[in-house]
There are 2 protein chains.
Amino acid sequence: MNKKIVLRDDEMPRQWYNIAPDIPNGLKPPLDPETNEPMGPEKLSAVFPMGLLEQEMSGERFIDIPEEVQEIYKIWRPSPMVRATALEKALGTKAKIFFKNEGVSPVGSHKPNSAVPQAYYNMKEGVKRLSTETGAGQWGSALAFATSKFGIECKVYMVRVSFDQKPYRKSMMQMYGASIVASPSEETNTGRKILAEHPDTPGSLGIAISEALEDAATRDDTKYALGSVLNHVCMHQSIIGLEAKKQMEIAGEYPDVIIGCCGGGSNFAGIAAAFVPDYLEGKKINFVGVEPASCPSLTMGKLAYDFGDVAQMTPLLYMYTLGHDFIPPGIHAGGLRYHGMSPMLSALVRENIVHPMKVHQLECFEAGALFAKTEGIIPAPETCHAIRAAIIEATRDLNDPKTILFNFSGHGLIDMASYDKFYAGELHDYDYPEEDIAKSIANLPKV
Amino acid sequence: MNKKIVLRDDEMPRQWYNIAPDIPNGLKPPLDPETNEPMGPEKLSAVFPMGLLEQEMSGERFIDIPEEVQEIYKIWRPSPMVRATALEKALGTKAKIFFKNEGVSPVGSHKPNSAVPQAYYNMKEGVKRLSTETGAGQWGSALAFATSKFGIECKVYMVRVSFDQKPYRKSMMQMYGASIVASPSEETNTGRKILAEHPDTPGSLGIAISEALEDAATRDDTKYALGSVLNHVCMHQSIIGLEAKKQMEIAGEYPDVIIGCCGGGSNFAGIAAAFVPDYLEGKKINFVGVEPASCPSLTMGKLAYDFGDVAQMTPLLYMYTLGHDFIPPGIHAGGLRYHGMSPMLSALVRENIVHPMKVHQLECFEAGALFAKTEGIIPAPETCHAIRAAIIEATRDLNDPKTILFNFSGHGLIDMASYDKFYAGELHDYDYPEEDIAKSIANLPKV
């Protein structure tokens, strides 16, 4: 058998799949925090272009991928689906483990799948400048890459702790022409306020989102771009699963288990969505969403309306959340640090279609190290979570010949500092305490 | 037209192409420096396994790729061939520019094409440990990856200046289980001697090779691996051009110009060799080998027998050389720092089949920056040399619809520090002075 299943450019899907209309019992709409009423596109159009807002609220199951976006996708897409034969052998399992390698993109992760269409729809509506946040740096790099293709300026608010620890990420974004500032920054009211109270804060995604939103809301030439959570982002990522489905067919297989790691949810939605209709028609699939024990929104959070950011500037989203004030512990090195979870993925968990799994960081880095020594590719720390879950599933019963598919969301070549800490013994496991979660959840807005 | 041409795993070539028997007027054999007589495999077998020595001296045109090697190649091979449509547009040229993307390998460069078979043949002969040198870190990472696949220990002597400037490269090699030391080191006689005289030396490839050779020559369990220059290394790289030839056929094109950057020569030989037989049968192809003006072995060196290393431990190789004492200037940031050039490539230049081209580093980094903004992929500094040459060829006459193929030998995600220096204005151009070259060439061994 071929180790890799590749698709030609002309076999790339030409439509995204929008799971919204297929979610049993539907999605709850975003609410306007001032009125607690559903929020229409008008108010959101201050920060998002209409092209994306239409997708955000669309009930269409398939939406055409514009040709200009397809053309850029073809720099790296379709991405290969690979059978992890060497990992299987090392585990001594009869399970077949496949991974979809999204690390082949120019910035090394799945993020450009949404960054490119987001930049495109903004360009179409004449937007000259985009603001965004980035945590580990994957999304910021992706948006910097995408905006460079459409001649749009790009401003990235990068969570302070990453800004200090990831100089190569800054270099990449600068190379694509973006400007980057550590968040919280002196450039926004939100940033200045937080710095005044906590001058040594490591920052958080929730803070960086507030800053990027404020930037967009206060400048006429600027709109805002978000790298996960929202419906349109999850939909753009659906191309991962659509390709994987074709590739599984070519391999003559069908996945019994589908695994993705969960930060804001778009990576998981990307690999899983295309398979959900089969599940709803009776196919047996175990969907596993993996998250870190130090940021356990799906396994320990509450399904409720909450803000997407610290400064309470976003609409209220109905999602699993640890509370918008949540700041993950500094010890946590593996990305996936967001307090909430995409409403789409939250609904799939609510409907018991997706099963969340909580893992600790040491077992994840160990899984990543084993993957590097067997399959040869060094995974991003986020991706290690999916690998860990794949190993758990493949070793429950070594004689069970089940087929596992996981999303290899990115390589780790630009995140080696986290591995250095791991090998130096500087990382340890951390369970976010229940009582702290209870406290931050107590601050949820009343709806 | 498809932007990318991909091949399936089962379309991957199953034999390497050995250009040696096809080189007009042949290759001159390596000489034993003690006798100036041709050096047979017996003496070399202290540091190389017989499987590789047979390839080194083989007159066969095609040599089977072992199945175990094919299996590991399939982690990333066949690599895509991509049409640089966005770069063409930015240049306003009618030329068609194709690149073979070797950056998709797990370590981001073409180097594993030879590291994997080298580790394999050593494993077959029971070798437990390999020593090697690395400059920019590409080869060291590749050998660390390859040895991890065959359970061989790996010791890397890394040129001091890179060791200090490239922490992520060290992390990568450590992750694959290799041990790394800065060269010159306190671990060899050569290293200690040089450190005693020049405690602040930045090191050089010539020194690191001497140390790795001494390591292998003085330990029973250890053999030595070289990442370029030698015939068997060039032959392993031939898979690049063999694939590209198939891909060109699928694209319905044939290259008028073939470009590769030249350090030790294996990267260039890799993309070019498979096309040379067509050239010898009358096909018009312009082969361009690009090198830095600060290390100009092909354009300003002498074709002569010389040592491959500073300590004069290697056989004498007949090659273009700047003298084995040559140390490239510290200002040079773009790799390609070796004093000599592979005998195979040297012979192709001697026969006027390959045309060398000298470029300066600023124009190369500028070319890399343009490539990143157009094609989206950040090239390794070495690769920027090939891109610069491709741009020169594509813009000689903007209306000439010629077809250009260059080897995209690696991505730059682990070498962002060089770009930082470039953007900070800390790099400048440097022509290695003729009188200095005359001096180091005056030290060539008498044959």
# chains A, B, ... in the order shown; residues from 1 in each chain; ligands from 1
call {"tool": "interface_residues", "arguments": {"of": "chain A", "to": "chain B", "cutoff": "8 Å", "atoms": "only C-alpha atoms", "output": "short mmCIF file (atom, residue, chain, number, x, y, z; two decimals) with N, CA and C atoms, in the first residue's frame"}}
result
data_model
loop_
_atom_site.label_atom_id
_atom_site.label_comp_id
_atom_site.auth_asym_id
_atom_site.auth_seq_id
_atom_site.Cartn_x
_atom_site.Cartn_y
_atom_site.Cartn_z
N ASN A 2 0.36 2.30 -0.60
CA ASN A 2 1.06 3.58 -0.53
C ASN A 2 1.03 4.12 0.89
N LYS A 3 2.15 4.70 1.31
CA LYS A 3 2.20 5.30 2.65
C LYS A 3 1.41 6.61 2.67
N LYS A 4 1.54 7.33 1.58
CA LYS A 4 0.86 8.63 1.46
C LYS A 4 -0.23 8.54 0.40
N ILE A 5 -1.34 9.20 0.66
CA ILE A 5 -2.35 9.37 -0.40
C ILE A 5 -2.34 10.84 -0.77
N VAL A 6 -1.99 11.11 -2.03
CA VAL A 6 -1.98 12.50 -2.49
C VAL A 6 -3.11 12.72 -3.49
N LEU A 7 -3.57 13.94 -3.57
CA LEU A 7 -4.57 14.32 -4.56
C LEU A 7 -3.94 15.35 -5.49
N ARG A 8 -4.34 15.33 -6.74
CA ARG A 8 -3.88 16.37 -7.67
C ARG A 8 -4.63 17.67 -7.40
N ASP A 9 -4.06 18.78 -7.86
CA ASP A 9 -4.71 20.09 -7.70
C ASP A 9 -6.17 20.04 -8.18
N ASP A 10 -6.39 19.36 -9.32
CA ASP A 10 -7.75 19.38 -9.88
C ASP A 10 -8.69 18.43 -9.14
N GLU A 71 -6.69 29.22 -5.96
CA GLU A 71 -5.36 29.37 -6.56
C GLU A 71 -4.28 29.43 -5.47
N LYS A 74 -3.69 26.16 -3.61
CA LYS A 74 -2.89 25.18 -4.36
C LYS A 74 -1.39 25.31 -4.13
N ILE A 75 -0.97 26.38 -3.43
CA ILE A 75 0.44 26.43 -3.03
C ILE A 75 0.77 25.20 -2.19
N VAL A 82 -1.40 10.57 5.35
CA VAL A 82 -0.28 9.65 5.51
C VAL A 82 -0.65 8.54 6.49
N VAL A 104 2.19 20.99 5.89
CA VAL A 104 2.85 21.32 4.61
C VAL A 104 2.53 22.73 4.12
N PRO A 106 2.69 26.87 3.87
CA PRO A 106 3.88 27.72 3.97
C PRO A 106 4.21 28.15 5.40
N VAL A 107 3.21 28.28 6.26
CA VAL A 107 3.49 28.68 7.63
C VAL A 107 3.46 27.50 8.58
N PHE A 145 0.74 35.95 6.05
CA PHE A 145 0.91 35.33 4.73
C PHE A 145 -0.25 35.68 3.81
N SER A 148 -0.51 39.32 2.70
CA SER A 148 0.54 39.68 1.74
C SER A 148 0.13 39.31 0.32
N LYS A 149 -0.71 38.29 0.19
CA LYS A 149 -1.16 37.87 -1.14
C LYS A 149 -2.19 38.83 -1.73
N TYR A 168 11.31 33.73 16.14
CA TYR A 168 11.19 33.35 14.72
C TYR A 168 9.78 33.61 14.19
N SER A 171 9.73 37.14 13.18
CA SER A 171 10.46 37.31 11.94
C SER A 171 9.62 36.89 10.74
N MET A 172 8.93 35.77 10.88
CA MET A 172 8.08 35.29 9.78
C MET A 172 7.03 36.32 9.42
N MET A 175 8.43 39.24 7.73
CA MET A 175 8.83 38.92 6.36
C MET A 175 7.64 39.01 5.41
N TYR A 176 6.46 38.65 5.90
CA TYR A 176 5.26 38.78 5.07
C TYR A 176 4.71 40.21 5.10
N ALA A 369 7.43 13.31 20.86
CA ALA A 369 8.79 12.80 20.71
C ALA A 369 8.78 11.44 20.03
N ALA A 372 8.09 11.92 16.33
CA ALA A 372 9.27 12.40 15.60
C ALA A 372 10.24 11.26 15.32
N LYS A 373 10.40 10.37 16.28
CA LYS A 373 11.35 9.28 16.09
C LYS A 373 10.80 8.18 15.19
N THR A 374 9.50 8.09 15.05
CA THR A 374 8.92 7.05 14.20
C THR A 374 8.55 7.61 12.83
N GLU A 375 7.67 8.57 12.79
CA GLU A 375 7.22 9.12 11.51
C GLU A 375 8.15 10.21 10.98
N GLY A 376 9.09 10.65 11.81
CA GLY A 376 10.13 11.56 11.33
C GLY A 376 9.77 13.03 11.39
N ILE A 377 8.50 13.35 11.56
CA ILE A 377 8.06 14.75 11.53
C ILE A 377 7.89 15.26 12.96
N ILE A 378 8.45 16.43 13.25
CA ILE A 378 8.33 17.03 14.58
C ILE A 378 7.01 17.80 14.65
N LEU A 413 8.60 23.01 13.93
CA LEU A 413 9.95 23.51 13.69
C LEU A 413 10.15 24.93 14.19
N ILE A 414 9.05 25.68 14.36
CA ILE A 414 9.19 27.06 14.83
C ILE A 414 8.85 27.14 16.32
N MET A 416 10.43 25.01 18.75
CA MET A 416 11.34 24.08 19.40
C MET A 416 11.61 24.46 20.86
N ALA A 417 11.40 25.73 21.22
CA ALA A 417 11.67 26.16 22.59
C ALA A 417 10.84 25.38 23.60
N TYR A 419 9.87 22.26 23.28
CA TYR A 419 10.52 20.95 23.43
C TYR A 419 11.78 21.05 24.29
N ASP A 420 12.53 22.15 24.11
CA ASP A 420 13.72 22.34 24.94
C ASP A 420 13.35 22.30 26.42
#
call {"tool": "residues_around", "arguments": {"residues": "Ser440 of chain A", "least_positions_apart": "4", "cutoff": "10 Å", "atoms": "only C-alpha atoms", "output": "PyMOL selection string"}}
result
chain A and resi 301+321-327+435-436+444
call {"tool": "residues_around", "arguments": {"residues": "Tyr318 of chain A", "least_positions_apart": "6", "cutoff": "10 Å", "atoms": "only C-alpha atoms", "output": "list of chain:residue names"}}
result
A:Leu27, A:Lys28, A:Pro29, A:Pro30, A:Leu31, A:Lys302, A:Leu303, A:Ala304, A:Tyr305, A:Asp306, A:Phe307, A:Gly308, A:Gly340, A:Met341, A:Ser342, A:Pro343, A:Met344, A:Ser346, A:Ala347
call {"tool": "write_last_selection", "arguments": {"atoms": "N, CA, C and O atoms", "output": "PDB file, in the first residue's frame"}}
result
ATOM      1  N   LEU A  27     -27.969  25.616  16.059  1.00  0.00           N
ATOM      2  CA  LEU A  27     -27.055  26.506  16.778  1.00  0.00           C
ATOM      3  C   LEU A  27     -27.849  27.636  17.395  1.00  0.00           C
ATOM      4  O   LEU A  27     -28.785  28.141  16.781  1.00  0.00           O
ATOM      5  N   LYS A  28     -27.471  28.050  18.582  1.00  0.00           N
ATOM      6  CA  LYS A  28     -28.084  29.260  19.137  1.00  0.00           C
ATOM      7  C   LYS A  28     -27.381  30.480  18.561  1.00  0.00           C
ATOM      8  O   LYS A  28     -26.151  30.474  18.426  1.00  0.00           O
ATOM      9  N   PRO A  29     -28.120  31.530  18.253  1.00  0.00           N
ATOM     10  CA  PRO A  29     -27.507  32.705  17.616  1.00  0.00           C
ATOM     11  C   PRO A  29     -26.652  33.500  18.607  1.00  0.00           C
ATOM     12  O   PRO A  29     -26.849  33.406  19.812  1.00  0.00           O
ATOM     13  N   PRO A  30     -25.695  34.269  18.086  1.00  0.00           N
ATOM     14  CA  PRO A  30     -24.970  35.203  18.956  1.00  0.00           C
ATOM     15  C   PRO A  30     -25.939  36.284  19.450  1.00  0.00           C
ATOM     16  O   PRO A  30     -26.864  36.652  18.733  1.00  0.00           O
ATOM     17  N   LEU A  31     -25.714  36.767  20.656  1.00  0.00           N
ATOM     18  CA  LEU A  31     -26.602  37.800  21.217  1.00  0.00           C
ATOM     19  C   LEU A  31     -25.863  39.130  21.352  1.00  0.00           C
ATOM     20  O   LEU A  31     -24.656  39.168  21.618  1.00  0.00           O
ATOM     21  N   LYS A 302     -18.594  25.416  31.210  1.00  0.00           N
ATOM     22  CA  LYS A 302     -20.056  25.423  31.242  1.00  0.00           C
ATOM     23  C   LYS A 302     -20.580  25.816  29.860  1.00  0.00           C
ATOM     24  O   LYS A 302     -20.007  26.703  29.214  1.00  0.00           O
ATOM     25  N   LEU A 303     -21.631  25.173  29.408  1.00  0.00           N
ATOM     26  CA  LEU A 303     -22.259  25.554  28.142  1.00  0.00           C
ATOM     27  C   LEU A 303     -23.191  26.726  28.422  1.00  0.00           C
ATOM     28  O   LEU A 303     -24.225  26.554  29.084  1.00  0.00           O
ATOM     29  N   ALA A 304     -22.805  27.892  27.962  1.00  0.00           N
ATOM     30  CA  ALA A 304     -23.556  29.092  28.325  1.00  0.00           C
ATOM     31  C   ALA A 304     -23.187  30.226  27.375  1.00  0.00           C
ATOM     32  O   ALA A 304     -22.218  30.128  26.616  1.00  0.00           O
ATOM     33  N   TYR A 305     -23.945  31.293  27.400  1.00  0.00           N
ATOM     34  CA  TYR A 305     -23.562  32.496  26.660  1.00  0.00           C
ATOM     35  C   TYR A 305     -22.417  33.192  27.387  1.00  0.00           C
ATOM     36  O   TYR A 305     -22.472  33.390  28.604  1.00  0.00           O
ATOM     37  N   ASP A 306     -21.360  33.533  26.636  1.00  0.00           N
ATOM     38  CA  ASP A 306     -20.247  34.259  27.250  1.00  0.00           C
ATOM     39  C   ASP A 306     -19.601  35.157  26.197  1.00  0.00           C
ATOM     40  O   ASP A 306     -19.792  34.979  24.986  1.00  0.00           O
ATOM     41  N   PHE A 307     -18.816  36.088  26.695  1.00  0.00           N
ATOM     42  CA  PHE A 307     -18.033  36.934  25.796  1.00  0.00           C
ATOM     43  C   PHE A 307     -16.847  36.149  25.236  1.00  0.00           C
ATOM     44  O   PHE A 307     -16.310  35.254  25.904  1.00  0.00           O
ATOM     45  N   GLY A 308     -16.405  36.540  24.050  1.00  0.00           N
ATOM     46  CA  GLY A 308     -15.230  35.922  23.457  1.00  0.00           C
ATOM     47  C   GLY A 308     -13.934  36.567  23.908  1.00  0.00           C
ATOM     48  O   GLY A 308     -12.854  36.080  23.573  1.00  0.00           O
ATOM     49  N   GLY A 340     -12.880  29.757  25.669  1.00  0.00           N
ATOM     50  CA  GLY A 340     -14.142  29.256  25.135  1.00  0.00           C
ATOM     51  C   GLY A 340     -13.940  28.189  24.079  1.00  0.00           C
ATOM     52  O   GLY A 340     -12.822  27.716  23.866  1.00  0.00           O
ATOM     53  N   MET A 341     -15.021  27.811  23.403  1.00  0.00           N
ATOM     54  CA  MET A 341     -14.926  26.805  22.343  1.00  0.00           C
ATOM     55  C   MET A 341     -15.973  27.143  21.289  1.00  0.00           C
ATOM     56  O   MET A 341     -17.053  27.608  21.619  1.00  0.00           O
ATOM     57  N   SER A 342     -15.615  26.907  20.052  1.00  0.00           N
ATOM     58  CA  SER A 342     -16.503  27.295  18.965  1.00  0.00           C
ATOM     59  C   SER A 342     -17.934  26.812  19.205  1.00  0.00           C
ATOM     60  O   SER A 342     -18.154  25.668  19.621  1.00  0.00           O
ATOM     61  N   PRO A 343     -18.933  27.679  18.979  1.00  0.00           N
ATOM     62  CA  PRO A 343     -20.333  27.270  19.137  1.00  0.00           C
ATOM     63  C   PRO A 343     -20.675  26.006  18.334  1.00  0.00           C
ATOM     64  O   PRO A 343     -21.446  25.163  18.806  1.00  0.00           O
ATOM     65  N   MET A 344     -20.092  25.854  17.149  1.00  0.00           N
ATOM     66  CA  MET A 344     -20.379  24.647  16.362  1.00  0.00           C
ATOM     67  C   MET A 344     -19.909  23.391  17.076  1.00  0.00           C
ATOM     68  O   MET A 344     -20.640  22.415  17.211  1.00  0.00           O
ATOM     69  N   SER A 346     -19.142  23.161  20.223  1.00  0.00           N
ATOM     70  CA  SER A 346     -19.890  23.056  21.486  1.00  0.00           C
ATOM     71  C   SER A 346     -21.216  22.341  21.263  1.00  0.00           C
ATOM     72  O   SER A 346     -21.623  21.483  22.057  1.00  0.00           O
ATOM     73  N   ALA A 347     -21.894  22.669  20.165  1.00  0.00           N
ATOM     74  CA  ALA A 347     -23.187  22.030  19.881  1.00  0.00           C
ATOM     75  C   ALA A 347     -23.007  20.542  19.585  1.00  0.00           C
ATOM     76  O   ALA A 347     -23.837  19.710  19.984  1.00  0.00           O
TER      77      ALA A 347
END
call {"tool": "closest_residue", "arguments": {"among": "A:Val359, A:Met158, A:Ile240, A:Ala46", "to": "Ile207 of chain A", "atoms": "only C-alpha atoms"}}
result
A:Met158
call {"tool": "atom_distance", "arguments": {"atom1": "atom CA of Val354 of chain B", "atom2": "atom CA of Val310 of chain B"}}
result
27.5 Å
call {"tool": "closest_atom_pairs", "arguments": {"of": "segment 278-334 of chain A", "to": "segment 180-195 of chain A", "cutoff": "12 Å", "atoms": "only C-alpha atoms", "output": "JSON lines"}}
result
{"residue": "A:Asp309", "atom": "CA", "partner": "A:Thr190", "partner_atom": "CA", "distance": 10.9}
{"residue": "A:Val310", "atom": "CA", "partner": "A:Thr190", "partner_atom": "CA", "distance": 9.0}
{"residue": "A:Ala311", "atom": "CA", "partner": "A:Thr190", "partner_atom": "CA", "distance": 6.9}
{"residue": "A:Gln312", "atom": "CA", "partner": "A:Thr190", "partner_atom": "CA", "distance": 10.4}
{"residue": "A:Met313", "atom": "CA", "partner": "A:Thr190", "partner_atom": "CA", "distance": 10.3}
call {"tool": "select_by_dssp", "arguments": {"residues": "segment 384-443 of chain A", "states": "helix (DSSP H, G or I)", "output": "JSON, numbers by chain"}}
result
{"A": [384, 385, 386, 387, 388, 389, 390, 391, 392, 393, 394, 395, 416, 417, 418, 419, 420, 421, 422, 423, 434, 435, 436, 437, 438, 439, 440, 441, 442]}
call {"tool": "closest_residue", "arguments": {"among": "B:Pro277, B:Gly270, B:Pro41, B:Gly260", "to": "Glu243 of chain B", "atoms": "only C-alpha atoms"}}
result
B:Gly270
call {"tool": "atom_distance", "arguments": {"atom1": "atom CA of Glu291 of chain B", "atom2": "atom CA of Arg388 of chain B"}}
result
10.6 Å
call {"tool": "atom_distance", "arguments": {"atom1": "atom CA of Pro38 of chain A", "atom2": "atom CA of Thr314 of chain A"}}
result
12.9 Å
call {"tool": "residues_around", "arguments": {"residues": "Arg129 of chain B", "least_positions_apart": "4", "cutoff": "10 Å", "atoms": "only C-alpha atoms", "output": "PyMOL selection string"}}
result
chain B and resi 119+122-123+147+151-155+216+219-224
call {"tool": "write_last_selection", "arguments": {"atoms": "all heavy atoms", "output": "CSV table (one decimal), in the first residue's frame"}}
result
chain,number,residue,atom,x,y,z
B,119,ALA,N,22.6,6.1,6.3
B,119,ALA,CA,22.3,5.5,7.6
B,119,ALA,C,21.9,4.0,7.3
B,119,ALA,O,22.4,3.1,8.0
B,119,ALA,CB,21.2,6.2,8.3
B,122,ASN,N,25.1,1.8,6.5
B,122,ASN,CA,25.8,1.6,7.7
B,122,ASN,C,25.1,0.6,8.7
B,122,ASN,O,25.8,-0.3,9.2
B,122,ASN,CB,26.0,3.0,8.5
B,122,ASN,CG,27.2,3.7,7.9
B,122,ASN,OD1,28.4,3.4,8.2
B,122,ASN,ND2,27.0,4.8,7.1
B,123,MET,N,23.8,0.7,8.8
B,123,MET,CA,23.1,-0.2,9.6
B,123,MET,C,23.3,-1.6,9.1
B,123,MET,O,23.5,-2.6,9.9
B,123,MET,CB,21.6,0.2,9.6
B,123,MET,CG,20.6,-0.7,10.4
B,123,MET,SD,20.1,-2.1,9.4
B,123,MET,CE,19.0,-1.3,8.1
B,147,THR,N,19.4,8.5,11.2
B,147,THR,CA,19.9,7.5,12.1
B,147,THR,C,18.9,7.1,13.2
B,147,THR,O,18.8,5.9,13.6
B,147,THR,CB,21.2,8.1,12.9
B,147,THR,OG1,20.8,9.4,13.4
B,147,THR,CG2,22.4,8.2,12.0
B,151,GLY,N,18.1,3.2,14.4
B,151,GLY,CA,18.7,2.9,15.7
B,151,GLY,C,20.2,3.0,15.8
B,151,GLY,O,20.9,2.3,16.5
B,152,ILE,N,20.7,4.0,15.1
B,152,ILE,CA,22.2,4.3,15.1
B,152,ILE,C,22.4,5.5,15.9
B,152,ILE,O,21.7,6.5,15.8
B,152,ILE,CB,22.7,4.5,13.6
B,152,ILE,CG1,22.5,3.2,12.8
B,152,ILE,CG2,24.2,4.9,13.6
B,152,ILE,CD1,22.9,3.3,11.4
B,153,GLU,N,23.5,5.5,16.7
B,153,GLU,CA,23.8,6.8,17.4
B,153,GLU,C,24.4,7.8,16.5
B,153,GLU,O,25.0,7.4,15.5
B,153,GLU,CB,24.9,6.5,18.5
B,153,GLU,CG,24.5,6.1,19.9
B,153,GLU,CD,25.6,6.0,20.8
B,153,GLU,OE1,26.3,7.0,21.1
B,153,GLU,OE2,25.9,4.8,21.1
B,154,CYS,N,24.3,9.0,16.8
B,154,CYS,CA,24.7,10.1,15.8
B,154,CYS,C,25.4,11.2,16.6
B,154,CYS,O,24.9,11.7,17.6
B,154,CYS,CB,23.5,10.6,15.1
B,154,CYS,SG,23.9,11.9,13.9
B,155,LYS,N,26.7,11.5,16.2
B,155,LYS,CA,27.4,12.6,16.8
B,155,LYS,C,27.7,13.7,15.8
B,155,LYS,O,28.3,13.4,14.7
B,155,LYS,CB,28.8,12.0,17.3
B,155,LYS,CG,29.8,13.0,17.8
B,155,LYS,CD,29.4,13.5,19.2
B,155,LYS,CE,30.5,14.5,19.7
B,155,LYS,NZ,30.5,14.5,21.2
B,216,ALA,N,35.7,9.2,13.8
B,216,ALA,CA,35.4,7.9,13.2
B,216,ALA,C,36.6,7.1,13.1
B,216,ALA,O,36.6,5.8,13.3
B,216,ALA,CB,34.8,8.1,11.8
B,219,ARG,N,37.6,5.4,16.6
B,219,ARG,CA,36.7,4.6,17.3
B,219,ARG,C,36.2,3.4,16.5
B,219,ARG,O,35.8,3.6,15.4
B,219,ARG,CB,35.5,5.4,17.8
B,219,ARG,CG,35.7,6.4,18.9
B,219,ARG,CD,34.5,7.1,19.3
B,219,ARG,NE,33.4,6.2,19.8
B,219,ARG,CZ,32.6,6.5,20.7
B,219,ARG,NH1,32.6,7.7,21.3
B,219,ARG,NH2,31.7,5.7,21.1
B,220,ASP,N,36.3,2.2,17.1
B,220,ASP,CA,35.9,1.0,16.3
B,220,ASP,C,34.4,1.0,16.0
B,220,ASP,O,34.0,0.4,15.0
B,220,ASP,CB,36.2,-0.2,17.2
B,220,ASP,CG,37.7,-0.6,17.1
B,220,ASP,OD1,38.3,0.0,16.2
B,220,ASP,OD2,38.1,-1.4,17.9
B,221,ASP,N,33.6,1.6,16.8
B,221,ASP,CA,32.1,1.4,16.6
B,221,ASP,C,31.6,2.5,15.7
B,221,ASP,O,30.4,2.5,15.4
B,221,ASP,CB,31.4,1.5,18.0
B,221,ASP,CG,31.6,2.9,18.6
B,221,ASP,OD1,32.5,3.7,18.2
B,221,ASP,OD2,30.8,3.2,19.6
B,222,THR,N,32.4,3.4,15.2
B,222,THR,CA,31.9,4.6,14.5
B,222,THR,C,32.4,4.7,13.0
B,222,THR,O,33.6,4.4,12.8
B,222,THR,CB,32.4,5.8,15.3
B,222,THR,OG1,31.9,5.8,16.6
B,222,THR,CG2,31.9,7.1,14.6
B,223,LYS,N,31.5,5.0,12.1
B,223,LYS,CA,32.0,5.4,10.8
B,223,LYS,C,31.5,6.9,10.6
B,223,LYS,O,30.9,7.5,11.4
B,223,LYS,CB,31.4,4.5,9.7
B,223,LYS,CG,32.0,3.1,9.9
B,223,LYS,CD,32.1,2.4,8.5
B,223,LYS,CE,32.6,1.0,8.7
B,223,LYS,NZ,34.1,0.9,9.0
B,224,TYR,N,31.9,7.4,9.4
B,224,TYR,CA,31.7,8.8,9.1
B,224,TYR,C,30.7,9.0,8.0
B,224,TYR,O,30.6,8.2,7.1
B,224,TYR,CB,33.1,9.4,8.7
B,224,TYR,CG,33.1,10.7,8.1
B,224,TYR,CD1,32.8,11.9,8.9
B,224,TYR,CD2,33.3,10.9,6.8
B,224,TYR,CE1,32.8,13.1,8.3
B,224,TYR,CE2,33.3,12.2,6.2
B,224,TYR,CZ,33.0,13.3,7.0
B,224,TYR,OH,33.0,14.5,6.4
call {"tool": "select_by_dssp", "arguments": {"residues": "segment 91-311 of chain A", "states": "strand (DSSP E or B)", "output": "ChimeraX atom specification"}}
result
/A:96-101,109,129-134,153-159,179-183,222-224,257-261,286-292,302-307
call {"tool": "closest_residue", "arguments": {"among": "B:Gly410, B:Pro401, B:Pro356, B:Gly140", "to": "Pro255 of chain B", "atoms": "only C-alpha atoms"}}
result
B:Pro401
